[in-house]
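Have a look at start_8.cif below; it lists mmCIF, C-alpha atoms.
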data_protein
#
loop_
_atom_site.label_atom_id
_atom_site.label_comp_id
_atom_site.auth_asym_id
_atom_site.auth_seq_id
_atom_site.Cartn_x
_atom_site.Cartn_y
_atom_site.Cartn_z
CA MET U 1 17.34 10.42 -5.51
CA SER U 2 20.24 10.06 -7.90
CA HIS U 3 19.34 6.61 -9.27
CA VAL U 4 16.47 5.59 -11.51
CA LEU U 5 13.48 4.14 -9.69
CA GLU U 6 12.59 0.65 -10.89
CA ILE U 7 9.21 -0.90 -10.11
CA GLU U 8 8.65 -4.62 -10.63
CA ARG U 9 6.65 -7.53 -9.25
CA ALA U 10 7.99 -8.76 -5.94
CA ASP U 11 10.42 -11.65 -5.58
CA PHE U 12 9.30 -13.37 -2.39
CA GLU U 13 12.61 -15.26 -2.14
CA ASN U 14 14.38 -11.94 -1.52
CA GLU U 15 15.34 -11.79 2.18
CA GLY U 16 15.57 -8.01 1.89
CA LEU U 17 11.88 -7.96 0.99
CA ARG U 18 11.04 -10.04 4.05
CA ALA U 19 12.93 -7.59 6.28
CA PHE U 20 11.33 -4.57 4.56
CA LEU U 21 7.82 -5.96 5.07
CA GLN U 22 8.57 -6.84 8.70
CA ALA U 23 9.79 -3.28 9.27
CA HIS U 24 6.42 -2.11 7.89
CA LEU U 25 4.57 -4.24 10.45
CA ASP U 26 6.92 -3.03 13.20
CA ASP U 27 6.30 0.63 12.22
CA LEU U 28 2.55 0.09 12.48
CA ALA U 29 2.58 -1.76 15.81
CA PRO U 30 2.51 1.32 18.08
CA THR U 31 -0.13 3.16 16.02
CA ALA U 32 -3.24 1.17 16.98
CA PRO U 33 -4.44 -1.89 18.89
CA GLU U 34 -3.68 -5.20 17.16
CA ASP U 35 -7.29 -5.73 16.02
CA SER U 36 -7.18 -2.31 14.33
CA ARG U 37 -4.03 -3.02 12.30
CA HIS U 38 -4.80 -4.47 8.88
CA ALA U 39 -1.42 -4.75 7.19
CA LEU U 40 -0.75 -8.02 5.40
CA ASP U 41 2.18 -10.19 6.39
CA ILE U 42 4.40 -11.85 3.80
CA ALA U 43 2.29 -15.03 3.69
CA ALA U 44 -0.91 -13.05 3.03
CA LEU U 45 0.84 -11.05 0.30
CA GLN U 46 1.54 -14.32 -1.54
CA ARG U 47 -2.10 -15.43 -1.65
CA PRO U 48 -3.95 -15.69 -4.96
CA GLY U 49 -5.57 -12.39 -5.88
CA VAL U 50 -2.77 -10.28 -4.36
CA ARG U 51 -0.17 -8.49 -6.48
CA LEU U 52 2.90 -6.96 -4.78
CA TRP U 53 5.40 -4.62 -6.39
CA THR U 54 8.74 -3.38 -5.16
CA ALA U 55 10.48 -0.12 -5.93
CA THR U 56 14.27 -0.14 -6.00
CA THR U 57 16.87 2.48 -6.67
CA GLY U 58 20.55 1.74 -7.01
CA GLY U 59 19.75 -1.88 -6.15
CA ARG U 60 18.21 -0.90 -2.80
CA LEU U 61 14.59 -1.73 -1.92
CA VAL U 62 12.90 1.59 -1.11
CA GLY U 63 9.17 0.93 -1.43
CA THR U 64 6.32 -1.54 -1.79
CA ALA U 65 2.70 -1.46 -2.89
CA ALA U 66 0.13 -4.21 -3.35
CA LEU U 67 -3.35 -4.71 -4.74
CA SER U 68 -5.70 -7.27 -3.27
CA ALA U 69 -8.83 -8.30 -5.18
CA LEU U 70 -12.12 -7.74 -3.38
CA ASP U 71 -14.12 -8.74 -6.45
CA ARG U 72 -13.72 -8.56 -10.23
CA ALA U 73 -14.08 -4.79 -10.39
CA HIS U 74 -12.90 -3.66 -6.95
CA GLU U 75 -9.43 -3.99 -5.41
CA GLU U 76 -7.80 -2.81 -2.22
CA LEU U 77 -4.49 -0.95 -2.00
CA LYS U 78 -2.26 -2.67 0.58
CA SER U 79 1.32 -2.59 1.87
CA MET U 80 2.18 0.94 0.72
CA ARG U 81 5.50 1.71 2.35
CA THR U 82 8.46 3.89 1.58
CA ASP U 83 11.77 3.37 3.37
CA PRO U 84 11.89 6.16 5.99
CA ALA U 85 15.27 7.36 4.64
CA HIS U 86 13.68 7.94 1.22
CA ARG U 87 10.36 9.53 2.18
CA GLY U 88 9.59 12.70 0.27
CA ALA U 89 11.45 11.54 -2.85
CA GLY U 90 8.34 10.66 -4.86
CA ILE U 91 8.54 6.89 -4.37
CA ALA U 92 5.00 6.51 -3.00
CA THR U 93 3.63 8.64 -5.84
CA ALA U 94 5.42 6.50 -8.43
CA LEU U 95 4.14 3.29 -6.81
CA LEU U 96 0.60 4.64 -6.57
CA ARG U 97 0.60 5.66 -10.23
CA HIS U 98 1.98 2.24 -11.13
CA VAL U 99 -0.74 0.29 -9.30
CA LEU U 100 -3.46 2.57 -10.67
CA ALA U 101 -2.20 1.91 -14.21
CA ASP U 102 -2.05 -1.83 -13.54
CA ALA U 103 -5.61 -1.85 -12.19
CA ARG U 104 -6.87 0.21 -15.14
CA GLU U 105 -5.19 -2.14 -17.66
CA ARG U 106 -6.87 -5.14 -16.02
CA GLY U 107 -10.33 -3.55 -16.07
CA VAL U 108 -10.59 -2.85 -12.34
CA GLU U 109 -13.15 -0.11 -11.78
CA ARG U 110 -12.50 0.96 -8.18
CA LEU U 111 -9.61 1.02 -5.71
CA SER U 112 -10.19 1.40 -1.99
CA LEU U 113 -7.88 1.46 0.99
CA GLU U 114 -7.75 1.44 4.75
CA THR U 115 -5.15 3.53 6.50
CA GLY U 116 -4.72 4.73 10.02
CA SER U 117 -6.46 7.74 11.49
CA ALA U 118 -3.51 8.68 13.76
CA ASP U 119 -1.22 11.61 12.97
CA PHE U 120 1.45 9.10 11.87
CA PHE U 121 -0.70 8.43 8.77
CA ALA U 122 -1.43 12.08 7.87
CA PRO U 123 1.15 12.11 5.03
CA ALA U 124 -0.38 8.93 3.58
CA ARG U 125 -3.90 10.34 3.74
CA ALA U 126 -2.69 13.54 2.05
CA LEU U 127 -1.00 11.52 -0.71
CA TYR U 128 -4.14 9.49 -1.35
CA ALA U 129 -6.34 12.61 -1.39
CA LYS U 130 -3.95 14.30 -3.84
CA HIS U 131 -4.48 11.32 -6.16
CA GLY U 132 -8.26 11.40 -6.06
CA PHE U 133 -9.10 9.16 -3.12
CA VAL U 134 -11.97 10.36 -0.95
CA GLU U 135 -13.09 9.14 2.45
CA CYS U 136 -15.77 6.47 2.37
CA GLU U 137 -17.58 3.99 4.57
CA PRO U 138 -15.84 0.71 5.47
CA PHE U 139 -15.76 -1.73 2.54
CA GLY U 140 -15.24 -5.46 2.19
CA SER U 141 -15.02 -7.11 5.61
CA TYR U 142 -14.01 -3.90 7.44
CA ARG U 143 -16.17 -2.45 10.19
CA PRO U 144 -16.21 1.11 11.54
CA ASP U 145 -13.09 1.68 13.64
CA PRO U 146 -11.86 4.94 15.17
CA HIS U 147 -8.29 3.90 14.32
CA SER U 148 -9.07 3.55 10.59
CA THR U 149 -9.72 5.89 7.70
CA PHE U 150 -11.30 4.36 4.59
CA MET U 151 -10.80 5.92 1.17
CA THR U 152 -11.81 5.04 -2.38
CA ARG U 153 -11.66 6.25 -5.98
CA PRO U 154 -12.66 5.09 -9.42
CA VAL U 155 -9.77 3.77 -11.47
#

Could you write out this structure as structure tokens?
Amino acid sequence: MSHVLEIERADFENEGLRAFLQAHLDDLAPTAPEDSRHALDIAALQRPGVRLWTATTGGRLVGTAALSALDRAHEELKSMRTDPAHRGAGIATALLRHVLADARERGVERLSLETGSADFFAPARALYAKHGFVECEPFGSYRPDPHSTFMTRPV
């Protein structure tokens, strides 16, 4: 990546963001039945208690990450996506470090996530494990699901 990566809070008026988030939902559609897909749409990402960041390089949107409050001390990592053309360039790692720092600064004690159990999600699971996430039982309103892997870590 020849340009500097910039991470900032999302601008929901940006049509490029809408398309990027829709592409995320489209990518996930074939990976599991609808009731086993837990990605947030753009309306859900704008709810109180949800914080979305975008990563851009050279003015191009290349990644997103969000945190959704479960309670005062526990948040969920949501909407982690890197543009397929930029995967492997460290964007997801930069976003993950950014959201961890944000959570730490705000006094959050634990981050958890749900990701898919299919091979498609193996790189994501490896990234999370590399950054200290370990598999756990379902949290929040989740229930056991063979299409899901649940992970958590202290902040």

Exercise for the section: Rank nothing, just name the residue among U:Gln22, U:Ser112, U:Asn14, U:Thr152 nearest to Ser68 of chain U, using only C-alpha atoms. Expected result: U:Ser112

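Distance cut-off 10 Å, centre (-3.6, 0.6, 14.4), atoms counted all atoms listed in the file; the residues meeting this are Leu28, Ala29, Pro30, Thr31, Ala32, Pro33, Glu34, Asp35, Ser36, Arg37, His38, Ala39, Thr115, Gly116, Ser117, Ala118, Asp145, Pro146, His147 and Ser148 of chain U.
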
Write a file of the selected residues as a tab-separated table (two decimals), in the frame of the given file, keeping C-alpha atoms.
chain	number	residue	atom	x	y	z
U	28	LEU	CA	2.55	0.09	12.48
U	29	ALA	CA	2.58	-1.76	15.81
U	30	PRO	CA	2.51	1.32	18.08
U	31	THR	CA	-0.13	3.16	16.02
U	32	ALA	CA	-3.24	1.17	16.98
U	33	PRO	CA	-4.44	-1.89	18.89
U	34	GLU	CA	-3.68	-5.20	17.16
U	35	ASP	CA	-7.29	-5.73	16.02
U	36	SER	CA	-7.18	-2.31	14.33
U	37	ARG	CA	-4.03	-3.02	12.30
U	38	HIS	CA	-4.80	-4.47	8.88
U	39	ALA	CA	-1.42	-4.75	7.19
U	115	THR	CA	-5.15	3.53	6.50
U	116	GLY	CA	-4.72	4.73	10.02
U	117	SER	CA	-6.46	7.74	11.49
U	118	ALA	CA	-3.51	8.68	13.76
U	145	ASP	CA	-13.09	1.68	13.64
U	146	PRO	CA	-11.86	4.94	15.17
U	147	HIS	CA	-8.29	3.90	14.32
U	148	SER	CA	-9.07	3.55	10.59

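The spacing separating atom CA of Arg125 of chain U from atom CA of Arg51 of chain U amounts to 21.7 Å.
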
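Closest to Thr82 of chain U among U:Ala103, U:Ala23, U:Leu113, U:Leu52 is U:Ala23, based on all atoms listed in the file.
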
I'd like the neighbourhood of Asp11 of chain U as a short mmCIF file (atom, residue, chain, number, x, y, z; two decimals) with C-alpha atoms, keeping the file's coordinate frame, where a residue qualifies if any of its atoms comes within 10 Å (using all atoms listed in the file), though same-chain residues fewer than 3 positions away should be ignored.
data_model
loop_
_atom_site.label_atom_id
_atom_site.label_comp_id
_atom_site.auth_asym_id
_atom_site.auth_seq_id
_atom_site.Cartn_x
_atom_site.Cartn_y
_atom_site.Cartn_z
CA GLU U 8 8.65 -4.62 -10.63
CA ASN U 14 14.38 -11.94 -1.52
CA GLU U 15 15.34 -11.79 2.18
CA GLY U 16 15.57 -8.01 1.89
CA LEU U 17 11.88 -7.96 0.99
CA ARG U 18 11.04 -10.04 4.05
CA LEU U 52 2.90 -6.96 -4.78
CA TRP U 53 5.40 -4.62 -6.39
CA THR U 54 8.74 -3.38 -5.16
#

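Computed from the coordinates, the atom CA of Ser79 of chain U to atom CA of Leu5 of chain U distance equals 18.1 Å.
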
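For Glu137 of chain U, the list of residues within 9 Å, based on all atoms listed in the file and with local chain neighbours fewer than 5 positions off taken out, reads Arg143, Pro144, Thr149, Phe150 and Met151 of chain U.
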